[in-house]
Structure formats: structure tokens, C-alpha cells
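Visitor: Sharing work-v1.txt, compact mmCIF, C-alpha atoms and all ligand atoms:
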# COMPACT_ATOMS: atom_id res chain seq x y z
CA MET A 1 97.18 71.92 89.92
CA ASN A 2 100.63 71.52 88.52
CA PHE A 3 103.00 72.38 91.26
CA GLN A 4 105.63 70.05 92.53
CA GLN A 5 107.12 70.25 95.93
CA TYR A 6 110.62 69.06 95.21
CA ASP A 7 111.56 66.26 97.51
CA MET A 8 114.14 67.42 99.99
CA PRO A 9 114.97 64.93 102.72
CA ILE A 10 116.87 67.58 104.62
CA ASP A 11 116.51 71.30 105.12
CA PRO A 12 118.16 73.33 102.35
CA VAL A 13 120.84 75.95 102.69
CA LEU A 14 120.78 78.88 100.29
CA CYS A 15 124.46 79.60 99.64
CA GLY A 16 126.02 82.89 98.63
CA ALA A 17 122.73 84.74 98.43
CA LEU A 18 122.56 88.49 97.91
CA THR A 19 119.84 89.85 100.18
CA ILE A 20 117.69 92.88 99.46
CA SER A 21 119.73 94.80 102.02
CA GLY A 22 122.89 94.08 100.01
CA ASP A 23 124.54 91.43 102.18
CA PHE A 24 126.03 88.18 100.91
CA VAL A 25 124.84 85.41 103.18
CA ASP A 26 124.13 81.73 103.62
CA ILE A 27 120.54 81.12 104.68
CA PHE A 28 119.89 77.96 106.68
CA ILE A 29 116.30 76.79 106.45
CA ARG A 30 114.96 74.96 109.48
CA GLY A 31 111.61 73.38 108.77
CA THR A 32 109.16 76.07 107.72
CA HIS A 33 111.31 78.97 108.90
CA VAL A 34 114.71 80.58 108.53
CA GLY A 35 117.01 79.03 111.09
CA GLU A 36 120.23 80.93 110.71
CA VAL A 37 121.70 83.61 108.47
CA ARG A 38 125.49 83.71 108.30
CA PRO A 39 127.89 85.79 106.26
CA SER A 40 128.57 83.89 103.08
CA GLY A 41 131.45 81.48 103.58
CA HIS A 42 132.52 77.94 103.14
CA ILE A 43 129.89 75.37 103.92
CA ALA A 44 130.79 71.75 104.05
CA PRO A 45 128.50 70.06 101.52
CA GLU A 46 128.30 66.81 103.43
CA GLY A 47 124.83 66.03 104.55
CA ARG A 48 123.37 69.28 103.28
CA HIS A 49 120.98 70.20 100.49
CA LEU A 50 122.70 73.21 99.00
CA ILE A 51 120.97 75.66 96.70
CA ASP A 52 123.56 77.69 94.84
CA CYS A 53 122.52 81.34 95.02
CA ARG A 54 125.79 82.88 93.94
CA GLY A 55 125.10 85.81 91.64
CA LYS A 56 121.44 85.76 92.61
CA LEU A 57 119.16 87.90 94.70
CA VAL A 58 117.11 86.27 97.44
CA SER A 59 114.05 88.16 98.57
CA PRO A 60 111.19 87.44 100.88
CA SER A 61 108.21 86.37 98.76
CA PHE A 62 106.36 89.05 96.87
CA VAL A 63 103.27 90.48 98.51
CA GLU A 64 100.25 91.09 96.28
CA GLY A 65 98.60 94.10 97.85
CA HIS A 66 95.36 94.14 95.87
CA ILE A 67 93.82 91.51 93.64
CA HIS A 68 90.35 90.16 92.81
CA LEU A 69 90.54 86.36 92.79
CA ASP A 70 86.79 86.08 92.27
CA LYS A 71 86.67 88.28 89.16
CA THR A 72 89.40 86.84 86.94
CA HIS A 73 88.60 85.11 83.65
CA LEU A 74 92.02 83.47 83.58
CA GLY A 75 91.98 80.28 81.54
CA LEU A 76 88.85 81.18 79.58
CA ALA A 77 88.70 82.24 75.97
CA LEU A 78 88.92 86.02 75.83
CA ILE A 79 85.57 87.57 76.67
CA PRO A 80 85.21 90.79 74.66
CA HIS A 81 85.63 93.87 76.81
CA VAL A 82 82.51 95.96 77.33
CA ALA A 83 83.45 99.62 77.51
CA GLY A 84 81.83 101.82 80.12
CA GLY A 85 82.45 105.47 80.75
CA THR A 86 81.71 105.46 84.48
CA VAL A 87 82.33 103.14 87.41
CA THR A 88 78.58 102.54 87.64
CA GLN A 89 78.41 101.46 84.00
CA ARG A 90 81.37 99.15 84.50
CA ILE A 91 79.70 97.55 87.50
CA SER A 92 76.57 96.84 85.44
CA ALA A 93 78.62 95.43 82.56
CA GLU A 94 80.51 93.15 84.93
CA LYS A 95 77.29 91.77 86.42
CA GLU A 96 76.00 90.88 82.95
CA ILE A 97 79.21 89.04 82.13
CA ARG A 98 79.59 87.17 85.42
CA ARG A 99 76.09 85.68 85.15
CA ARG A 100 77.21 83.67 82.13
CA LEU A 101 80.81 82.81 82.98
CA PRO A 102 81.46 79.16 82.11
CA ALA A 103 83.74 78.53 85.10
CA SER A 104 83.42 78.89 88.86
CA VAL A 105 85.34 81.20 91.17
CA ALA A 106 87.13 78.09 92.42
CA GLU A 107 88.40 77.24 88.92
CA ARG A 108 89.29 80.75 87.79
CA GLY A 109 90.68 81.95 91.11
CA GLY A 110 92.62 78.72 91.52
CA ARG A 111 94.37 79.27 88.21
CA LEU A 112 95.32 82.76 89.24
CA ILE A 113 96.71 81.59 92.57
CA GLU A 114 98.86 78.99 90.82
CA GLN A 115 100.13 81.61 88.39
CA ILE A 116 101.08 84.19 90.99
CA ALA A 117 102.67 81.60 93.26
CA ALA A 118 104.93 80.60 90.36
CA PHE A 119 106.02 84.22 90.04
CA GLY A 120 107.07 84.17 93.69
CA THR A 121 104.09 85.76 95.41
CA GLY A 122 103.56 84.23 98.81
CA PHE A 123 101.03 86.62 100.32
CA VAL A 124 97.85 88.07 98.87
CA ARG A 125 95.21 90.60 99.81
CA THR A 126 92.15 89.83 97.71
CA HIS A 127 88.95 91.81 97.55
CA VAL A 128 85.82 89.68 97.19
CA ASP A 129 82.53 91.04 95.87
CA ILE A 130 79.69 91.18 98.35
CA ASP A 131 76.34 92.37 96.97
CA THR A 132 72.70 91.46 97.24
CA GLU A 133 72.80 89.34 94.08
CA LEU A 134 75.85 87.26 95.06
CA GLY A 135 75.33 87.33 98.80
CA LEU A 136 78.32 85.59 100.36
CA SER A 137 78.71 82.97 97.61
CA SER A 138 82.02 84.34 96.28
CA LEU A 139 83.34 84.75 99.81
CA HIS A 140 82.68 81.10 100.56
CA GLU A 141 84.44 80.05 97.36
CA VAL A 142 87.48 82.21 98.10
CA LEU A 143 87.58 80.86 101.66
CA ARG A 144 87.77 77.38 100.18
CA LEU A 145 90.59 78.54 97.88
CA LYS A 146 92.41 79.98 100.87
CA GLU A 147 92.33 76.60 102.59
CA ARG A 148 93.08 74.61 99.45
CA TYR A 149 96.13 76.61 98.49
CA VAL A 150 97.58 77.20 101.93
CA ASP A 151 100.79 75.48 100.78
CA LEU A 152 101.28 78.12 98.07
CA VAL A 153 99.99 81.46 99.36
CA ASP A 154 98.59 83.09 102.47
CA ILE A 155 95.38 84.92 101.60
CA GLN A 156 93.85 87.92 103.34
CA ILE A 157 90.25 88.73 102.37
CA VAL A 158 88.52 92.10 102.07
CA ALA A 159 84.71 92.05 102.03
CA PHE A 160 84.19 94.40 99.09
CA PRO A 161 80.86 96.17 98.39
CA GLN A 162 81.35 96.41 94.62
CA SER A 163 77.79 97.70 94.15
CA GLY A 164 77.94 100.20 97.00
CA ILE A 165 76.55 99.92 100.51
CA LEU A 166 73.73 102.45 100.76
CA ARG A 167 72.55 102.16 97.14
CA ASP A 168 72.27 98.39 97.48
CA PRO A 169 70.18 97.95 100.65
CA GLY A 170 71.03 94.77 102.51
CA THR A 171 74.74 95.02 101.71
CA PHE A 172 75.64 96.38 105.16
CA GLU A 173 74.13 93.28 106.76
CA LEU A 174 75.97 91.04 104.28
CA LEU A 175 79.28 92.75 105.01
CA ASN A 176 78.63 92.24 108.70
CA GLU A 177 77.97 88.55 108.07
CA ALA A 178 81.08 88.29 105.87
CA LEU A 179 83.28 89.70 108.63
CA ALA A 180 81.77 87.22 111.08
CA ASN A 181 82.47 84.37 108.65
CA GLY A 182 86.05 84.66 107.53
CA ALA A 183 86.61 88.03 105.86
CA ASP A 184 89.57 89.83 107.44
CA LEU A 185 88.88 93.42 106.43
CA VAL A 186 85.98 95.58 105.38
CA GLY A 187 86.08 97.35 102.04
CA GLY A 188 84.41 100.44 100.69
CA LEU A 189 83.80 102.07 97.33
CA ASP A 190 83.62 105.72 96.32
CA PRO A 191 81.53 107.14 99.16
CA ALA A 192 80.54 110.06 96.92
CA GLY A 193 80.75 108.60 93.42
CA ILE A 194 78.79 105.44 94.13
CA ASP A 195 76.79 105.94 97.32
CA ASP A 196 76.42 109.71 97.00
CA ASP A 197 76.74 109.94 100.78
CA ILE A 198 80.25 110.39 102.15
CA GLU A 199 79.20 110.51 105.79
CA GLY A 200 76.81 107.57 105.51
CA HIS A 201 79.19 105.33 103.59
CA LEU A 202 82.20 105.96 105.83
CA ALA A 203 80.12 105.65 108.98
CA ALA A 204 79.01 102.19 107.82
CA VAL A 205 82.53 101.05 106.93
CA PHE A 206 84.10 102.27 110.16
CA ALA A 207 81.24 100.88 112.27
CA LEU A 208 81.85 97.43 110.76
CA ALA A 209 85.59 97.73 111.33
CA GLU A 210 85.12 98.64 114.96
CA ARG A 211 82.48 95.97 115.53
CA HIS A 212 84.75 93.24 114.16
CA ASP A 213 88.14 94.70 115.11
CA ALA A 214 88.99 94.58 111.42
CA GLY A 215 91.15 96.64 109.10
CA ILE A 216 89.79 98.70 106.21
CA ASP A 217 90.70 98.91 102.51
CA ILE A 218 88.59 101.33 100.47
CA HIS A 219 88.48 101.59 96.66
CA LEU A 220 88.51 105.31 95.88
CA HIS A 221 88.23 106.33 92.23
CA ASP A 222 86.72 109.75 92.90
CA THR A 223 89.07 112.38 91.50
CA GLY A 224 90.02 116.00 92.18
CA ALA A 225 88.95 118.03 95.16
CA LEU A 226 86.13 115.61 95.95
CA GLY A 227 88.52 112.69 96.19
CA GLY A 228 90.94 114.78 98.26
CA PHE A 229 88.15 115.65 100.69
CA GLU A 230 87.19 111.98 101.01
CA LEU A 231 90.81 111.02 101.71
CA ARG A 232 90.99 113.56 104.54
CA GLN A 233 87.68 112.29 105.90
CA ILE A 234 89.03 108.74 105.89
CA ALA A 235 92.18 109.92 107.68
CA ALA A 236 90.17 111.79 110.30
CA ARG A 237 87.92 108.80 110.96
CA THR A 238 90.97 106.52 111.13
CA LYS A 239 92.46 108.66 113.88
CA ALA A 240 89.18 108.95 115.75
CA ALA A 241 88.72 105.17 115.68
CA GLY A 242 92.32 104.48 116.72
CA LEU A 243 92.86 102.47 113.54
CA GLN A 244 96.23 103.98 112.59
CA GLY A 245 98.18 101.46 110.50
CA LYS A 246 95.10 99.37 109.74
CA VAL A 247 93.53 101.43 106.97
CA ALA A 248 94.41 101.57 103.27
CA VAL A 249 92.93 103.38 100.33
CA SER A 250 93.24 101.70 96.95
CA HIS A 251 93.79 103.79 93.81
CA ALA A 252 93.25 107.25 95.32
CA TYR A 253 93.56 108.78 91.87
CA ALA A 254 92.76 112.20 93.34
CA LEU A 255 96.26 112.43 94.83
CA GLY A 256 97.54 112.77 91.28
CA ASP A 257 95.47 115.79 90.33
CA LEU A 258 95.40 118.02 93.42
CA CYS A 259 97.19 121.35 93.48
CA ASP A 260 100.33 121.49 95.63
CA HIS A 261 98.55 123.00 98.61
CA GLU A 262 95.70 120.48 98.59
CA PHE A 263 98.10 117.61 97.99
CA GLY A 264 100.28 118.73 100.88
CA ARG A 265 97.52 118.88 103.44
CA THR A 266 95.95 115.65 102.21
CA ALA A 267 99.25 113.75 102.30
CA GLU A 268 99.96 115.13 105.76
CA SER A 269 96.60 113.92 107.03
CA LEU A 270 97.18 110.45 105.54
CA ALA A 271 100.68 110.24 107.03
CA SER A 272 99.60 111.32 110.50
CA ALA A 273 96.73 108.81 110.45
CA GLY A 274 98.91 105.98 109.14
CA VAL A 275 96.66 105.47 106.11
CA ALA A 276 98.47 103.61 103.31
CA ILE A 277 97.86 104.01 99.58
CA MET A 278 97.72 101.17 97.05
CA THR A 279 98.43 101.78 93.39
CA ASN A 280 98.60 99.50 90.38
CA GLY A 281 100.13 102.14 88.13
CA PRO A 282 97.00 102.56 86.02
CA GLY A 283 97.50 102.88 82.30
CA THR A 284 95.65 106.15 81.95
CA GLY A 285 94.39 109.03 84.04
CA SER A 286 95.84 110.40 87.26
CA MET A 287 97.55 108.28 89.89
CA PRO A 288 99.16 108.88 93.27
CA PRO A 289 102.64 110.45 92.97
CA VAL A 290 104.62 107.71 94.63
CA LEU A 291 107.82 109.54 95.50
CA GLU A 292 106.09 112.68 96.76
CA LEU A 293 103.95 110.53 99.03
CA ARG A 294 107.05 108.72 100.28
CA SER A 295 108.59 112.10 101.10
CA ALA A 296 105.43 113.05 102.99
CA GLY A 297 105.65 109.87 105.07
CA VAL A 298 102.81 107.98 103.37
CA THR A 299 103.31 104.28 102.70
CA VAL A 300 102.56 103.35 99.10
CA PHE A 301 102.27 99.71 98.08
CA ALA A 302 101.62 97.84 94.86
CA GLY A 303 98.81 95.60 93.73
CA SER A 304 97.73 94.07 90.44
CA ASP A 305 94.02 94.82 90.86
CA ASN A 306 92.05 93.30 87.97
CA ILE A 307 93.63 90.51 85.94
CA ARG A 308 92.02 89.29 82.74
CA ASP A 309 88.50 90.18 83.84
CA ALA A 310 85.50 92.33 82.98
CA TRP A 311 87.26 95.51 84.10
CA TRP A 312 90.26 95.11 81.83
CA PRO A 313 92.02 92.36 79.92
CA TYR A 314 95.56 93.15 81.08
CA GLY A 315 97.72 91.82 83.88
CA ASN A 316 99.38 88.54 84.81
CA GLY A 317 99.92 88.89 88.56
CA ASP A 318 103.71 89.20 88.43
CA MET A 319 104.62 91.73 91.12
CA LEU A 320 107.91 92.53 89.38
CA ASP A 321 105.94 93.51 86.29
CA ARG A 322 103.74 95.64 88.52
CA ALA A 323 106.72 97.32 90.21
CA MET A 324 108.17 98.09 86.78
CA MET A 325 104.85 99.49 85.52
CA ILE A 326 104.54 101.84 88.48
CA GLY A 327 108.12 103.02 88.01
CA TYR A 328 107.60 103.46 84.27
CA ARG A 329 104.34 105.38 84.71
CA GLN A 330 105.98 107.69 87.27
CA ASN A 331 109.28 108.08 85.42
CA ILE A 332 111.15 106.65 88.40
CA CYS A 333 114.80 106.37 87.37
CA ALA A 334 117.17 107.07 90.27
CA LYS A 335 118.83 104.05 91.83
CA GLU A 336 117.35 104.48 95.30
CA ASP A 337 113.93 105.15 93.80
CA LEU A 338 114.04 101.96 91.72
CA ALA A 339 114.74 100.17 94.99
CA TYR A 340 111.55 101.72 96.35
CA CYS A 341 109.65 100.13 93.43
CA PHE A 342 110.92 96.76 94.64
CA ASP A 343 109.91 97.66 98.20
CA MET A 344 106.37 98.40 96.97
CA ALA A 345 106.06 94.74 95.99
CA THR A 346 107.71 93.31 99.11
CA THR A 347 108.40 95.02 102.43
CA LEU A 348 105.85 97.83 102.15
CA PRO A 349 102.77 95.68 101.46
CA ALA A 350 104.07 93.23 104.06
CA ARG A 351 103.84 96.06 106.58
CA VAL A 352 100.38 97.09 105.38
CA LEU A 353 99.10 93.53 105.52
CA GLY A 354 100.55 93.18 109.01
CA LEU A 355 102.59 90.10 108.12
CA ASP A 356 104.47 88.65 111.05
CA GLY A 357 107.81 86.98 110.43
CA TYR A 358 108.33 88.54 107.01
CA GLY A 359 111.97 88.87 106.00
CA ILE A 360 115.24 87.04 105.97
CA ALA A 361 116.33 86.67 109.56
CA PRO A 362 116.30 83.85 112.11
CA GLY A 363 112.70 83.04 112.97
CA CYS A 364 111.20 84.52 109.80
CA LYS A 365 109.01 82.36 107.61
CA ALA A 366 111.00 80.64 104.89
CA ASP A 367 108.87 82.13 102.12
CA LEU A 368 111.47 83.21 99.61
CA VAL A 369 112.06 83.86 95.94
CA ILE A 370 115.44 83.48 94.24
CA LEU A 371 115.99 85.79 91.27
CA ALA A 372 118.75 85.82 88.67
CA SER A 373 119.43 89.49 89.40
CA ALA A 374 122.46 91.32 90.71
CA SER A 375 120.39 93.90 92.59
CA VAL A 376 116.82 94.86 93.44
CA GLN A 377 117.01 97.50 90.73
CA ASP A 378 117.96 94.88 88.14
CA ALA A 379 115.07 92.72 89.33
CA VAL A 380 112.59 95.52 88.64
CA LEU A 381 114.09 96.34 85.26
CA ASP A 382 114.79 92.79 84.02
CA ARG A 383 111.95 90.85 85.69
CA PRO A 384 113.86 87.57 85.39
CA VAL A 385 111.75 84.59 84.39
CA ALA A 386 113.56 81.57 85.82
CA ARG A 387 112.72 81.95 89.49
CA THR A 388 113.03 79.49 92.33
CA VAL A 389 110.29 79.81 94.90
CA LEU A 390 110.16 78.49 98.45
CA LYS A 391 107.00 78.40 100.53
CA SER A 392 107.22 77.36 104.16
CA GLY A 393 110.76 76.14 103.55
CA ARG A 394 109.87 73.90 100.63
CA VAL A 395 110.82 74.50 97.02
CA ILE A 396 107.60 74.73 95.00
CA VAL A 397 109.16 76.06 91.79
CA GLU A 398 112.73 75.42 90.73
CA SER A 399 114.25 77.71 88.11
CA GLY A 400 110.81 78.38 86.71
CA ARG A 401 109.97 74.69 86.37
CA ARG A 402 106.77 73.17 87.59
CA SER A 403 105.91 69.53 87.11
CA SER A 404 102.61 67.84 86.35
CA ARG A 405 102.52 66.05 89.67
CA PRO A 406 99.56 67.50 91.55
CA LEU A 407 100.12 69.05 94.96
CA ALA A 408 96.58 69.66 96.05
CA GLY A 409 94.59 67.87 93.35
CA GLY A 410 92.96 69.43 90.32
CA TYR A 411 89.51 70.59 89.54
ZN ZN B 1 90.20 96.58 92.96
Turn the structure described in the file into C-alpha cells.
Guide:
Amino acid sequence: MNFQQYDMPIDPVLCGALTISGDFVDIFIRGTHVGEVRPSGHIAPEGRHLIDCRGKLVSPSFVEGHIHLDKTHLGLALIPHVAGGTVTQRISAEKEIRRRLPASVAERGGRLIEQIAAFGTGFVRTHVDIDTELGLSSLHEVLRLKERYVDLVDIQIVAFPQSGILRDPGTFELLNEALANGADLVGGLDPAGIDDDIEGHLAAVFALAERHDAGIDIHLHDTGALGGFELRQIAARTKAAGLQGKVAVSHAYALGDLCDHEFGRTAESLASAGVAIMTNGPGTGSMPPVLELRSAGVTVFAGSDNIRDAWWPYGNGDMLDRAMMIGYRQNICAKEDLAYCFDMATTLPARVLGLDGYGIAPGCKADLVILASASVQDAVLDRPVARTVLKSGRVIVESGRRSSRPLAGGY
């Protein structure tokens, strides 16, 4: 671990900060939270720890909407990618590779947490594989990471049936156990494409959610009319279960290849059920049309998904990179639309994750990132490197610098 919490005998004041809403303010930190926010003015320096934010943008910490802390190979020599034409083939290839990984989830996931925290990510939703080979072993390791790195990130865990639920008998019971032992949400995976039973798969997922009063986040790669049908089924079940605002679908590639009529009725069903869509701006194939979904009232948020793992070798966990990639892939150019790209890495996933006290206002958590950018649009386009990051009111990275003094001890 190579983070330093810079010693600050007194609470800092962030002076002359440009907020994401366009105001110039002074932000007074009080302990772990924002104490006061005043229009930028003259602050007497006596007795204060001032952080000069003039010319800089101050944002609430980035929110990573979808990552796999247990899968990453970060820190290992590159493991050659094994191509697979279908999701099922990729799952098999991943299992072969993970059996001989020379480092634990704790080591690999820990490296990834440190990396994303340095980029300014303060909140994470991670999916964790649950299957009959792993049991709950990865969950237990990620739970330990969650505790170990509480000073850097807040972690929300999805119990993810990467090998399906019905085609891997025993997984339902494991998911149930995971939700009783620390997982926050229940996941799902291609009810048709993997389990070949839309009704059965969704019934299992929603039963677990209701039993544990948990949210849902389903990986859906199924494309075309089939994927559109599954999305409408998820929306209908969300309404019936009263889970509006607590359900997300990750990827939802189908939204990118439906005809206008099918897209319209699918987006309407998602909006009315409060089902959010996560995208990572995939490098190929169809993807959800972000701006059309926004117009339809559907919340779209960003996530990195796989980072340096068996699924693909790309990614670094920087949410500004991710916001840029989504904008680039969708040809998002207008000023207000570029701002939406920034929102997809901040306020929108914060809403989906149900984060309390997210923002820059009195009483909010002092989880902030200071960027050398003149606007949110510039932040997306420039992705400035030298960031200052505060977690719970303490500076953990200053102008991109981390020291070798351990914060939580190393592995
Ligand atoms: Zn994923």
C-alpha cells in the first residue's frame, strides 16, 4: 500500500473552487464532512489549512458503477488473452486461467483499489463471482478488501452468478448465502443466453432480492429482439416487486440494435420502472444509445467492467477515461452532452448506488477530487493527471503524488 494521508492538524478549506454546477466557492471541511460552502471570497489564512483551488474544478469523488475486483490480473505479467466467440466460451476460458493465477484476490483486487482511489474514485460497485467451484471464497476475500480499504473507497458488492444460476445447480443456494453474509445486491446473467430460461432465471433473481431486501444488477449481453424482450421482462418484474430505483441492467447491448418502435417501448418500460442502465462504452458491437435513453427518462451510468483480466486486457479504472470512451463511442460532442458524460461517472451512478450525502453541500461526505480543469467538459476531454483526492476529509493524494508510507499495511 503506498498511500499517504497528508498530515493536516486542522480541517482544510478548499479556496476558489469551481463546482460541477458552475459556482465559485470556498469549501470548509469539518472532520469527515463538508461543513460550509460559501461564495468564493477572502479567507483569512491565519489558523487555516488552505488548499488553493483557483482555476480548478472540484467534484464529488468519482463513482465506479461496475467493476470486477476479483477478476483483475493487475500487477501480474500479461497473461495471453484466450479468444472465445461466445459468453459461454469466455466463461470456460476464464475458469482455466483463474485456477493458475499466481496471486490472490486480495493482492490483485487490492492493487486495483489503490489505483482507482488515486484517480479519484471514492465509491465502487463490484460484482463478485459466485459459482459452485468458487463457492463464496471470492466474496470473503472482497469483504476483507472492503474492510481493509475503508479509508480509500466505499465498496458495494453484487453477488454475481458468472456461470449462470439454473445451469450450475447449487448456485441459487450460494447466492442466498452470499446475500446473508455481506453481499449487498443480487446479480444475474443472460437469462436466455446462459440459463436458457428467462422466467426461471428472473424468478430466482427477484426471489432473492425480495427475500433479502436487496437491489439487483443483471449482466445482459443478449442482443436484438431477445434482449429487448428480457429488458421489458425485467422492468415488469421490477414494478411488480416494488423495486423501482433499485434495479440496474449492465451492458444491455440490445438497446443499441432495436428498431425505433421496439427501442421506444423498451425504453419507456425501463423509465417507468426506474431501471437504470450501465455501459462501459464497449469497443465493438452494439451499445445502449446514451442520449436517446436520457431523453426517454432512463438513467445511464458508467462502469469500467473488466480491467486487465481474462475477459480483456484493457482498462485502468479511471472514470474520466471511461466517460471519454463512452462519449467517443457515441459521438457525443455538444457541450451539455459532454457534461452528461461527466455525470455518468459521478452524480448518476451515485443515484443508482443509493449513496447518501453525495455532493458538495453542508453535511455531505468530504469525498472530493480536485481537477486541473476549467469545466466538466474539459475534465472529460483532457482527463488531467495531477489530481488531489480527499476521502472522508483527508487528503490521500496530493497533485497526483503518493508516498511510500503505508496507510493500511502491505501484502
Ligand atoms: Zn461485468
Visitor: Fewer than 4 positions away in the same chain doesn't count, so skip those; otherwise give me all residues within 6 Å of Ile27 in chain A, counting all atoms listed in the file, as a PyMOL selection string.
Guide: chain A and resi 13-14+37
Visitor: Can I get the selection written as a tab-separated table (two decimals), keeping the file's coordinate frame, with C-alpha atoms?
Guide:
chain	number	residue	atom	x	y	z
A	13	VAL	CA	120.84	75.95	102.69
A	14	LEU	CA	120.78	78.88	100.29
A	37	VAL	CA	121.70	83.61	108.47
Visitor: Within 12 Å of Pro80 in chain A, counting all atoms listed in the file, which residues qualify if same-chain residues fewer than 3 places away don't, as a compact mmCIF listing (two decimals) with C-alpha atoms, keeping the file's coordinate frame?
Guide:
# COMPACT_ATOMS: atom_id res chain seq x y z
CA HIS A 73 88.60 85.11 83.65
CA LEU A 76 88.85 81.18 79.58
CA ALA A 77 88.70 82.24 75.97
CA ALA A 83 83.45 99.62 77.51
CA ALA A 93 78.62 95.43 82.56
CA GLU A 94 80.51 93.15 84.93
CA ILE A 97 79.21 89.04 82.13
CA ARG A 308 92.02 89.29 82.74
CA ASP A 309 88.50 90.18 83.84
CA ALA A 310 85.50 92.33 82.98
CA TRP A 311 87.26 95.51 84.10
CA TRP A 312 90.26 95.11 81.83
CA PRO A 313 92.02 92.36 79.92
Visitor: Using all atoms listed in the file, which residues of the polymer chains come no farther than 8 Å from ligand ZN 1 (chain B)? I'd like the answer as a ChimeraX atom specification.
Guide: /A:66-68,127,219,250,305-306
Visitor: Only C-alpha atoms, please: the residues just picked out, written as a short mmCIF file (atom, residue, chain, number, x, y, z; two decimals), in the coordinates of the input.
Guide:
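Produced file result.cif, reproduced below:
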data_model
loop_
_atom_site.label_atom_id
_atom_site.label_comp_id
_atom_site.auth_asym_id
_atom_site.auth_seq_id
_atom_site.Cartn_x
_atom_site.Cartn_y
_atom_site.Cartn_z
CA HIS A 66 95.36 94.14 95.87
CA ILE A 67 93.82 91.51 93.64
CA HIS A 68 90.35 90.16 92.81
CA HIS A 127 88.95 91.81 97.55
CA HIS A 219 88.48 101.59 96.66
CA SER A 250 93.24 101.70 96.95
CA ASP A 305 94.02 94.82 90.86
CA ASN A 306 92.05 93.30 87.97
#
Visitor: Taking all atoms listed in the file into account, which of A:Phe28, A:Tyr328, A:Phe301, A:Tyr253 comes nearest Pro349 in chain A?
Guide: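 Answer, going by the shortest atom-to-atom distance: A:Phe301.
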Visitor: Could you tell me which of A:Gln233, A:Gln330, A:Gln89, A:Ser137 comes closest to Glu199 in chain A if we count only C-alpha atoms?
Guide: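 Of A:Gln233, A:Gln330, A:Gln89, A:Ser137, the one nearest Glu199 in chain A is A:Gln233, counting only C-alpha atoms.
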Visitor: Would you kindly return, as an MDAnalysis selection string, each protein, DNA or RNA residue with an atom no farther than 9 Å from any atom of range 367-381 of chain A, considering only C-alpha atoms and excluding same-chain residues fewer than 3 positions away?
Guide: chainID A and resid 17:20 22 32:34 53 55:62 119:122 320:324 327 335:343 358:360 364 384:394 399
Visitor: Nearest to Leu202 in chain A among A:Gly182, A:Thr238, A:His221, A:Leu74, with distances taken over only C-alpha atoms: which residue is it?
Guide: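 Ranked by minimum distance to Leu202 in chain A, first place goes to A:Thr238.
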Visitor: Just how far from CA of Val128 in chain A is CA of Arg111 in chain A, in Å to one decimal?
Guide: 16.2 Å
Visitor: With only C-alpha atoms as the basis for distance, which of A:Asp257, A:Glu262, A:Asp168, A:Asp151 is at the shortest distance from Gly285 in chain A?
Guide: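 Comparing A:Asp257, A:Glu262, A:Asp168, A:Asp151 against Gly285 in chain A, the winner is A:Asp257.
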Visitor: Could you tell me how far CA of Leu152 in chain A lies from CA of Leu355 in chain A, in Å and to one decimal?
Guide: 15.7 Å
Visitor: For a quick check of understanding, using all atoms listed in the file, which of A:Asp260, A:Val124, A:Gly35, A:Glu114 has the smallest distance to Thr346 in chain A?
Guide: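 Answer, going by the shortest atom-to-atom distance: A:Val124.
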Visitor: So that I can see what lies close to Glu230 in chain A, please list as an MDAnalysis selection string the residues with an atom at most 10 Å from it, counting all atoms listed in the file and leaving out residues fewer than 2 positions away in the same chain.
Guide: chainID A and resid 190:192 198:199 202 220 222:223 225:228 232:236 252 254 266
Visitor: Report, in Å with one decimal, the straight-line distance from CA of Ile218 in chain A to CA of Leu258 in chain A.
Guide: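 A separation of 19.4 Å between them.
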Visitor: For Leu353 in chain A, which residue out of A:His201, A:Arg125, A:His251, A:Arg100 is the nearest one, using all atoms listed in the file?
Guide: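 So, comparing all the options, the nearest one is A:Arg125.
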Visitor: Taking all listed atoms of range 22-28 of chain A, build the axis-aligned box, pad each of the six sides by 5 Å, then write its centre and edge lengths in Å to one decimal as JSON.
Guide:
{"center_x": 123.0, "center_y": 86.0, "center_z": 103.3, "size_x": 16.1, "size_y": 26.1, "size_z": 16.7}
Visitor: Could you list as a list in words every residue that has an atom within 9 Å of (120.9, 68.1, 106.0), using the file's coordinates and counting all atoms listed in the file?
Guide: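 Counting all atoms listed in the file, I find these residues within 9 Å of (120.9, 68.1, 106.0): Pro9, Ile10, Asp11, Pro12, Val13, Glu46, Gly47, Arg48, His49 and Leu50 of chain A.
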Visitor: Select from range 88-167 of chain A every residue with an atom at most 9 Å from any atom of range 173-180 of chain A, then for each give the shortest pair of atoms and their distance in Å to one decimal, using all atoms listed in the file, rows by chain and rising number, as a tab-separated table.
Guide:
residue	atom	partner	partner_atom	distance
A:Ile130	CA	A:Leu175	CA	6.9
A:Asp131	CA	A:Leu174	CA	7.4
A:Thr132	CA	A:Leu174	CA	7.8
A:Gly135	CA	A:Leu174	CA	6.6
A:Leu136	CA	A:Ala178	CA	6.7
A:Leu139	CA	A:Ala178	CA	7.4
A:Val158	CA	A:Leu179	CA	8.7
A:Ala159	CA	A:Leu175	CA	6.2
A:Phe160	CA	A:Leu175	CA	7.9
A:Pro161	CA	A:Leu175	CA	7.6
A:Ile165	CA	A:Leu175	CA	8.9
